[in-house]
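Read through the structure below, which is laid out as structure tokens, and then see the notes.
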Amino acid sequence: MFKKKWIKISGIVLASILTLILLIAIFISPIAKSYIEKNDKELLGREVTIDKFKLNIFNGSLRIEKLNIFEKDNKTKFISVDTFKFNMKIYPLLAQKVVVQQILLAGADININQKGSEFNFDDIIKKFSSNDSTPQPEDTTASKWEISLNNITIKQTNITYKDLELNSTWALEDFALNIPSMYFDNKSSDIGINLKFKNGGSLALDAKYNMQTTKYNLDINLQNFALNNILPYLQQSMNVSEVSGLLSTNLNVKGDVNHVMDFVLKGNVGAKNFSLLDNKKRNVVAFNNFQTKIDEVSLSKNKYHIGKLKIDALKSQFDLYKDSSNNFTYLMKPSKEEPETKQAQTDTIKKSSQPKMDFIIRELIVENSSLTFNDQSIQVPLSYPIENIYIKSNNFTLDKENQLELSASLAKTGKIDIKWKGYADGIANHNLMLVINNLNLNDFSPYSLEYFARPLTKGNLSFTSQNIITNYNLKGTNKLDIYKCEVGDKDKKVKAEYANIPLKLGLYVLKDRKDKIVLDLPVKGNVNSPEFSYKKLIFKTLINLLVKVATSPVSLVAEQLGFDPEAISNIPVEPLEREFTSEQFEKFKQLSEISNAKPELVLTLTQQANYKKTIEELSLANLKIAYYKNNNPSASQNGLELIDIAQVKEISEKDEAFIAFANRLLEQKGMSKQNSITETALTLFSQEAEKQMITFMQERNNKIVEHFIQVLKVDSTKIKVLSLPLEEIKAQSGKNQYNVSLEVMEATPKTQQ
């Protein structure tokens with residue numbers, strides 16, 4: 001009887017427990033839902049709404065639908081989820097095993113905002129953070145719990161990230177995550193992520209990660225990522241206004257999460273339709289297509305092996321400013337200097353202990369490219385296009401000799417070819433061969449104005465140069481071949497360093513009969529010297545040549561024509577002669593050939609005289625003529641014949657009768673007796689002699705002009721014969737001769753009406 005009663009009571013109790021469990025199972029979901037919604041602020045610090053909440057304690061499943069978590073303003077949604085599922089096995093818990101069968105997040109919208117170092121979920125993290133800062137003893141016992149996570153899935157999820165400081169928004173659409181199994185032992189977990197960028201492009205990540213070894217193997221497949229998304233981040237350190245283009249990658253990365261820099265990278269990186277503009281909307285760099293094949297990159301090994309690097313239709317410009325800066329230095333914002341930290345010092349030590357860089361590009365190609373060089377550092381700016389650029393190099397390294405070839409078109413008329421052999425890690429050893437053909441000199445008129453104050457108006461140039469540097473010592477040869485080069489008149493408004501150099505004259509003199517100028521400009525020096533400047537060396541050689549031309553232009557032309565330059569540079573004359581010798585006429589003939597060879601120049605003969613010597617000789621001649629006429633009355637009446645002149649010349653200055661006659665003339669004119677016959681002649685005839693000297697000089701000038709025009713057929717505008725002014729003649733003690741020069745006939749400025 002008692003036994004039956006105990007069984008009955010036990011049944012009632014068991015039924016009650018089962019009923020209670022059943023009631024809990026039935027009502028736990030609405031109770032939990034109600035509790036969460038009523039206590040959301042205490043639990044999460046945010047308002048939470050749930051449409052459906054279903055928890056099954058028998059099979060360990062949880063299903064939530066239409067979950068919304070709001071921002072702190074209780075209006076804006078932080079996270080909204082269409083469906084969340086969680087399934088785990090209950091019974092393995094008794095054996096200290098956690099077996100999660102499924103985690104599913106579907107149809108979620110997640111909004112992440114960042115302002116500086118603060119995120120819109122920092123308060124939630126703080127809510128769940130422990131306030132107890134007391135150090136806890138480390139648990140050295142190994143956990144006996146086994147954890148198995150399976151079928152982790154996120155799908156149909158959108159994530160929006162906003163950087164409020166940079167005003168940057170990243171919208172990730174159709175974010176999908178798939179992890180078949182997450183292993184916490186020595187097995188690798190497979191992780192797959194797929195997403196689309198709202199502004200264009202997609203990303204697929206496939207990863208294998210071993211939690212025990214912390215090693216990973218990551219495949220990255222990025223397709224047509226719109227680079228305008230990174231503009232706000234570029235603007236933090238660069239003065240850029242626009243960036244565009246599409247980036248694609250197919251990379252494999254193997255490494256260890258505990259050693260961030262210890263990874264190996266392989267794969268391909270490509271971009272197309274790229275463009276970068278600075279703050280002034282100027283093109284910095286653009287290209288149609290960029291492709292690179294990465295054989296292996298390893299930071300820990302300092303190894304960078306690039307299989308192929310190819311750029312198609314690269315377009316850029318280089319702007320040089322007066323302060324020696326350029327558009328690329330302008331592009332970078334000045335960095336803030338901060339004191340070096342201990343960590344930075346440690347990093348420097350580590351960097352210095354790295355192995356030597358192993359760098360190579362097995363195939364480098366740049367084609368269909370262009371560069372515009374804008375020199376704004378000079379008074380008249382220059383803009384020069386370089387097009388059809390082609391660059392090729394194989395096995396380009398840092399520690400071995402490289403070879404590189406470059407060709408390009410210069411302003412549509414010229415062409416440049418460069419061949420280079422050398423080391424990329426310094427300037428100690430190089431061999432550079434450069435050939436320029438058919439360069440239009442008129443394009444470089446701004447440089448001619450800058451240095452010589454004269455524009456280049458015509459001509460083309462070919463240039464061959466080879467420069468060999470051995471142990472920093474340069475030995476170079478530069479050959480200029482210039483055809484029909486012309487320069488304009490001097491611009492007095494331009495301040496030029498070499499304005500006084502006779503560029504126009506120099507060019508005309510240096511031209512040969514075919515209107516060509518061929519110059520060799522050798523260069524030597526130590527490129528490691530602080531004073532070394534290739535440009536200065538070239539200019540020094542060129543300026544020295546032009547100075548030489550300016551000081552003796554006739555000599556240079558005479559050499560070109562095969563004449564004796566010393567014999568033709570000046571032509572001696574006798575003070576008492578008004579006619580010319582056969583030798584002098586031969587020199588006039590040679591000068592006419594020079595004039596015909598240089599029709600752009602004016603042949604100038606400038607007569608100078610030794611005043612003292614000439615006046616003495618003329619005064620003595622006058623005294624002798626007076627003495628001769630005194631002794632020959634008929635000669636005085638009829639004038640002197642040639643035979644008379646010959647006899648006059650034979651009169652000796654020591655003849656006593658001649659001296660006595662001279663002294664009588666002094667007495668007749670009331671003049672004092674002189675110490676010598678020369679002084680006597682000067683006292684009597686110096687004034688007349690000066691007039692005669694001027695007359696004789698002018699007569700000689702007239703006869704030379706007449707001879708050149710009528711006999712030698714030289715254009716009257718191409719010959720100029722003159723005498724030095726009397727004051728200059730008196731001031732110098734030169735020879736009696738004609739100095740021969742070539743001069744440029746400058747254009748006469750037009751008078752305004």
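The chains in the structure tokens are called A, B, ... from first to last as shown; in each chain the residues are counted from 1, and the ligands are counted from 1 in the order shown.
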
| message | Please identify the helix (DSSP H, G or I) residues within stretch 35-196 of chain A (assignment by DSSP from backbone atoms) and present them as a list in words. | response |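 So, restricting stretch 35-196 of chain A to helix (DSSP H, G or I), we get Tyr35, Ile36, Glu37, Lys38, Asp40, Lys41, Glu42, Leu43, Tyr91, Pro92, Leu93, Leu94, Ala95, Asp122, Asp123, Ile124, Ile125, Lys126, Lys127 and Phe128 of chain A.
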
Store the residues picked out above, limited to N, CA and C atoms, as an mmCIF file, in the first residue's frame.
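out14.cif was written with the following content:
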data_model
loop_
_atom_site.group_PDB
_atom_site.id
_atom_site.type_symbol
_atom_site.label_atom_id
_atom_site.label_comp_id
_atom_site.auth_asym_id
_atom_site.auth_seq_id
_atom_site.Cartn_x
_atom_site.Cartn_y
_atom_site.Cartn_z
ATOM 1 N N TYR A 35 12.433 40.189 -21.599
ATOM 2 C CA TYR A 35 13.465 40.621 -20.652
ATOM 3 C C TYR A 35 14.547 41.442 -21.364
ATOM 4 N N ILE A 36 14.952 40.943 -22.528
ATOM 5 C CA ILE A 36 15.996 41.662 -23.273
ATOM 6 C C ILE A 36 15.522 43.047 -23.676
ATOM 7 N N GLU A 37 14.305 43.151 -24.184
ATOM 8 C CA GLU A 37 13.788 44.436 -24.661
ATOM 9 C C GLU A 37 13.562 45.414 -23.508
ATOM 10 N N LYS A 38 13.174 44.875 -22.314
ATOM 11 C CA LYS A 38 12.925 45.766 -21.176
ATOM 12 C C LYS A 38 14.216 46.190 -20.483
ATOM 13 N N ASP A 40 17.309 46.272 -22.035
ATOM 14 C CA ASP A 40 18.370 46.442 -23.038
ATOM 15 C C ASP A 40 19.412 47.472 -22.626
ATOM 16 N N LYS A 41 18.976 48.566 -21.988
ATOM 17 C CA LYS A 41 19.928 49.611 -21.592
ATOM 18 C C LYS A 41 20.906 49.107 -20.529
ATOM 19 N N GLU A 42 20.355 48.292 -19.576
ATOM 20 C CA GLU A 42 21.235 47.751 -18.544
ATOM 21 C C GLU A 42 22.159 46.676 -19.118
ATOM 22 N N LEU A 43 21.608 45.876 -20.037
ATOM 23 C CA LEU A 43 22.385 44.772 -20.593
ATOM 24 C C LEU A 43 23.414 45.244 -21.612
ATOM 25 N N TYR A 91 24.067 17.514 -25.208
ATOM 26 C CA TYR A 91 24.608 16.410 -24.428
ATOM 27 C C TYR A 91 26.126 16.386 -24.371
ATOM 28 N N PRO A 92 26.875 16.778 -25.423
ATOM 29 C CA PRO A 92 28.340 16.771 -25.297
ATOM 30 C C PRO A 92 28.872 17.684 -24.207
ATOM 31 N N LEU A 93 28.013 18.625 -23.718
ATOM 32 C CA LEU A 93 28.471 19.510 -22.648
ATOM 33 C C LEU A 93 28.818 18.725 -21.395
ATOM 34 N N LEU A 94 28.103 17.600 -21.223
ATOM 35 C CA LEU A 94 28.358 16.770 -20.041
ATOM 36 C C LEU A 94 29.759 16.189 -20.081
ATOM 37 N N ALA A 95 30.313 16.053 -21.278
ATOM 38 C CA ALA A 95 31.674 15.526 -21.441
ATOM 39 C C ALA A 95 32.687 16.640 -21.689
ATOM 40 N N ASP A 122 32.333 51.746 -28.985
ATOM 41 C CA ASP A 122 33.238 51.730 -27.837
ATOM 42 C C ASP A 122 32.485 51.557 -26.518
ATOM 43 N N ASP A 123 31.282 52.167 -26.420
ATOM 44 C CA ASP A 123 30.512 52.065 -25.170
ATOM 45 C C ASP A 123 30.042 50.638 -24.914
ATOM 46 N N ILE A 124 29.758 49.899 -25.992
ATOM 47 C CA ILE A 124 29.324 48.506 -25.826
ATOM 48 C C ILE A 124 30.480 47.660 -25.311
ATOM 49 N N ILE A 125 31.675 47.890 -25.886
ATOM 50 C CA ILE A 125 32.850 47.145 -25.424
ATOM 51 C C ILE A 125 33.136 47.464 -23.962
ATOM 52 N N LYS A 126 33.019 48.759 -23.634
ATOM 53 C CA LYS A 126 33.260 49.169 -22.250
ATOM 54 C C LYS A 126 32.251 48.534 -21.302
ATOM 55 N N LYS A 127 31.019 48.343 -21.782
ATOM 56 C CA LYS A 127 29.957 47.749 -20.955
ATOM 57 C C LYS A 127 30.325 46.331 -20.537
ATOM 58 N N PHE A 128 30.964 45.616 -21.410
ATOM 59 C CA PHE A 128 31.294 44.224 -21.134
ATOM 60 C C PHE A 128 32.710 44.042 -20.593
#

| All residues 7 Å or closer to A:Asp82, only C-alpha atoms, same chain fewer than 5 positions away omitted, as a PyMOL selection string | chain A and resi 65-67+106-108

For the residues selected in the previous step, produce a file with all heavy atoms as a short mmCIF file (atom, residue, chain, number, x, y, z; two decimals), in the first residue's frame.
data_model
loop_
_atom_site.label_atom_id
_atom_site.label_comp_id
_atom_site.auth_asym_id
_atom_site.auth_seq_id
_atom_site.Cartn_x
_atom_site.Cartn_y
_atom_site.Cartn_z
N GLU A 65 14.86 36.79 -35.31
CA GLU A 65 14.50 37.46 -36.56
C GLU A 65 14.20 38.92 -36.29
O GLU A 65 13.64 39.28 -35.26
CB GLU A 65 13.29 36.77 -37.20
CG GLU A 65 13.56 35.34 -37.65
CD GLU A 65 12.36 34.71 -38.35
OE1 GLU A 65 11.36 35.43 -38.54
OE2 GLU A 65 12.44 33.52 -38.69
N LYS A 66 14.62 39.72 -37.25
CA LYS A 66 14.39 41.17 -37.18
C LYS A 66 14.95 41.76 -35.89
O LYS A 66 14.25 42.40 -35.10
CB LYS A 66 12.90 41.50 -37.31
CG LYS A 66 12.23 40.97 -38.56
CD LYS A 66 12.85 41.55 -39.83
CE LYS A 66 12.12 41.03 -41.07
NZ LYS A 66 12.77 41.52 -42.31
N LEU A 67 16.21 41.58 -35.70
CA LEU A 67 16.90 42.15 -34.54
C LEU A 67 17.44 43.53 -34.92
O LEU A 67 18.09 43.69 -35.95
CB LEU A 67 18.06 41.25 -34.12
CG LEU A 67 19.06 41.84 -33.11
CD1 LEU A 67 18.39 42.08 -31.76
CD2 LEU A 67 20.27 40.92 -32.95
N ALA A 106 22.27 36.34 -41.42
CA ALA A 106 21.80 36.62 -42.78
C ALA A 106 21.04 37.92 -42.82
O ALA A 106 20.28 38.24 -41.90
CB ALA A 106 20.92 35.48 -43.28
N GLY A 107 21.23 38.67 -43.93
CA GLY A 107 20.48 39.90 -44.14
C GLY A 107 20.77 40.96 -43.12
O GLY A 107 19.85 41.64 -42.66
N ALA A 108 22.04 41.15 -42.78
CA ALA A 108 22.38 42.14 -41.77
C ALA A 108 22.84 43.44 -42.41
O ALA A 108 23.41 43.45 -43.49
CB ALA A 108 23.47 41.60 -40.85
#

| field | Interatomic distance, atom CA of A:Tyr447 to atom CA of A:Ser529 (Å, one decimal) | value |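 Going from atom CA of A:Tyr447 over to atom CA of A:Ser529, I get 26.5 Å.
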
| said: Excluding stretch 361-366 of chain A and its own-chain neighbours fewer than 6 positions away, which residues fall within 7 Å of it when counting only C-alpha atoms? Please give them as a ChimeraX atom specification. | reply: /A:305-312,390-397

| Which residue gives the smallest distance to A:Tyr627 among A:Ile643, A:Ile220, A:Leu665, A:Leu404, with only C-alpha atoms counted? |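 For A:Tyr627, the nearest of the given residues is A:Leu665.
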
| query | In Å to one decimal, how far is atom CA of A:Lys315 from atom CA of A:Leu371? | reply |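 For atom CA of A:Leu371 relative to atom CA of A:Lys315, the distance reads 5.9 Å.
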
| request: May I have the residues within 8 Å of stretch 703-708 of chain A as a PyMOL selection string, using only C-alpha atoms and disregarding those fewer than 6 positions away in the same chain? | output: chain A and resi 588+592+714+719-721

| request: Fewer than 4 positions away in the same chain doesn't count, so skip those; otherwise give me all residues within 12 Å of A:Lys514, counting only C-alpha atoms, as a PyMOL selection string. | output: chain A and resi 481-485+508+510+518+560+597-598

| Residue nearest A:Val260 among A:Ser716, A:Asn151, A:Thr214, A:Thr551 (counting only C-alpha atoms) |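 Among the listed residues, A:Thr214 lies closest to A:Val260.
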
| Which of A:Asn736, A:Gln96, A:Ser202, A:Ser117 sits closest to A:Trp145 [using only C-alpha atoms] |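 For A:Trp145, the nearest of the candidates is A:Gln96.
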
| From A:Lys479, A:Lys198, A:Lys691, A:Lys333, residue lying nearest A:Asn239 [only C-alpha atoms] | A:Lys333

| query | When DSSP works through the backbone of this structure, what residues of stretch 207-304 of chain A end up as strand (DSSP E), shown as a ChimeraX atom specification? | reply | /A:207-210,215-226,240-256,259-278,283-298,303-304

| request: Give me the residues within 8 Å of A:Asn302 as a ChimeraX atom specification, counting only C-alpha atoms and dropping any in the same chain fewer than 6 places off. | output: /A:354-358

| query | So what do you get for atom CA of A:Thr477 versus atom CA of A:Ser377, distance-wise? | reply |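 Taking atom CA of A:Thr477 as the start and atom CA of A:Ser377 as the end point, the length is 27.8 Å.
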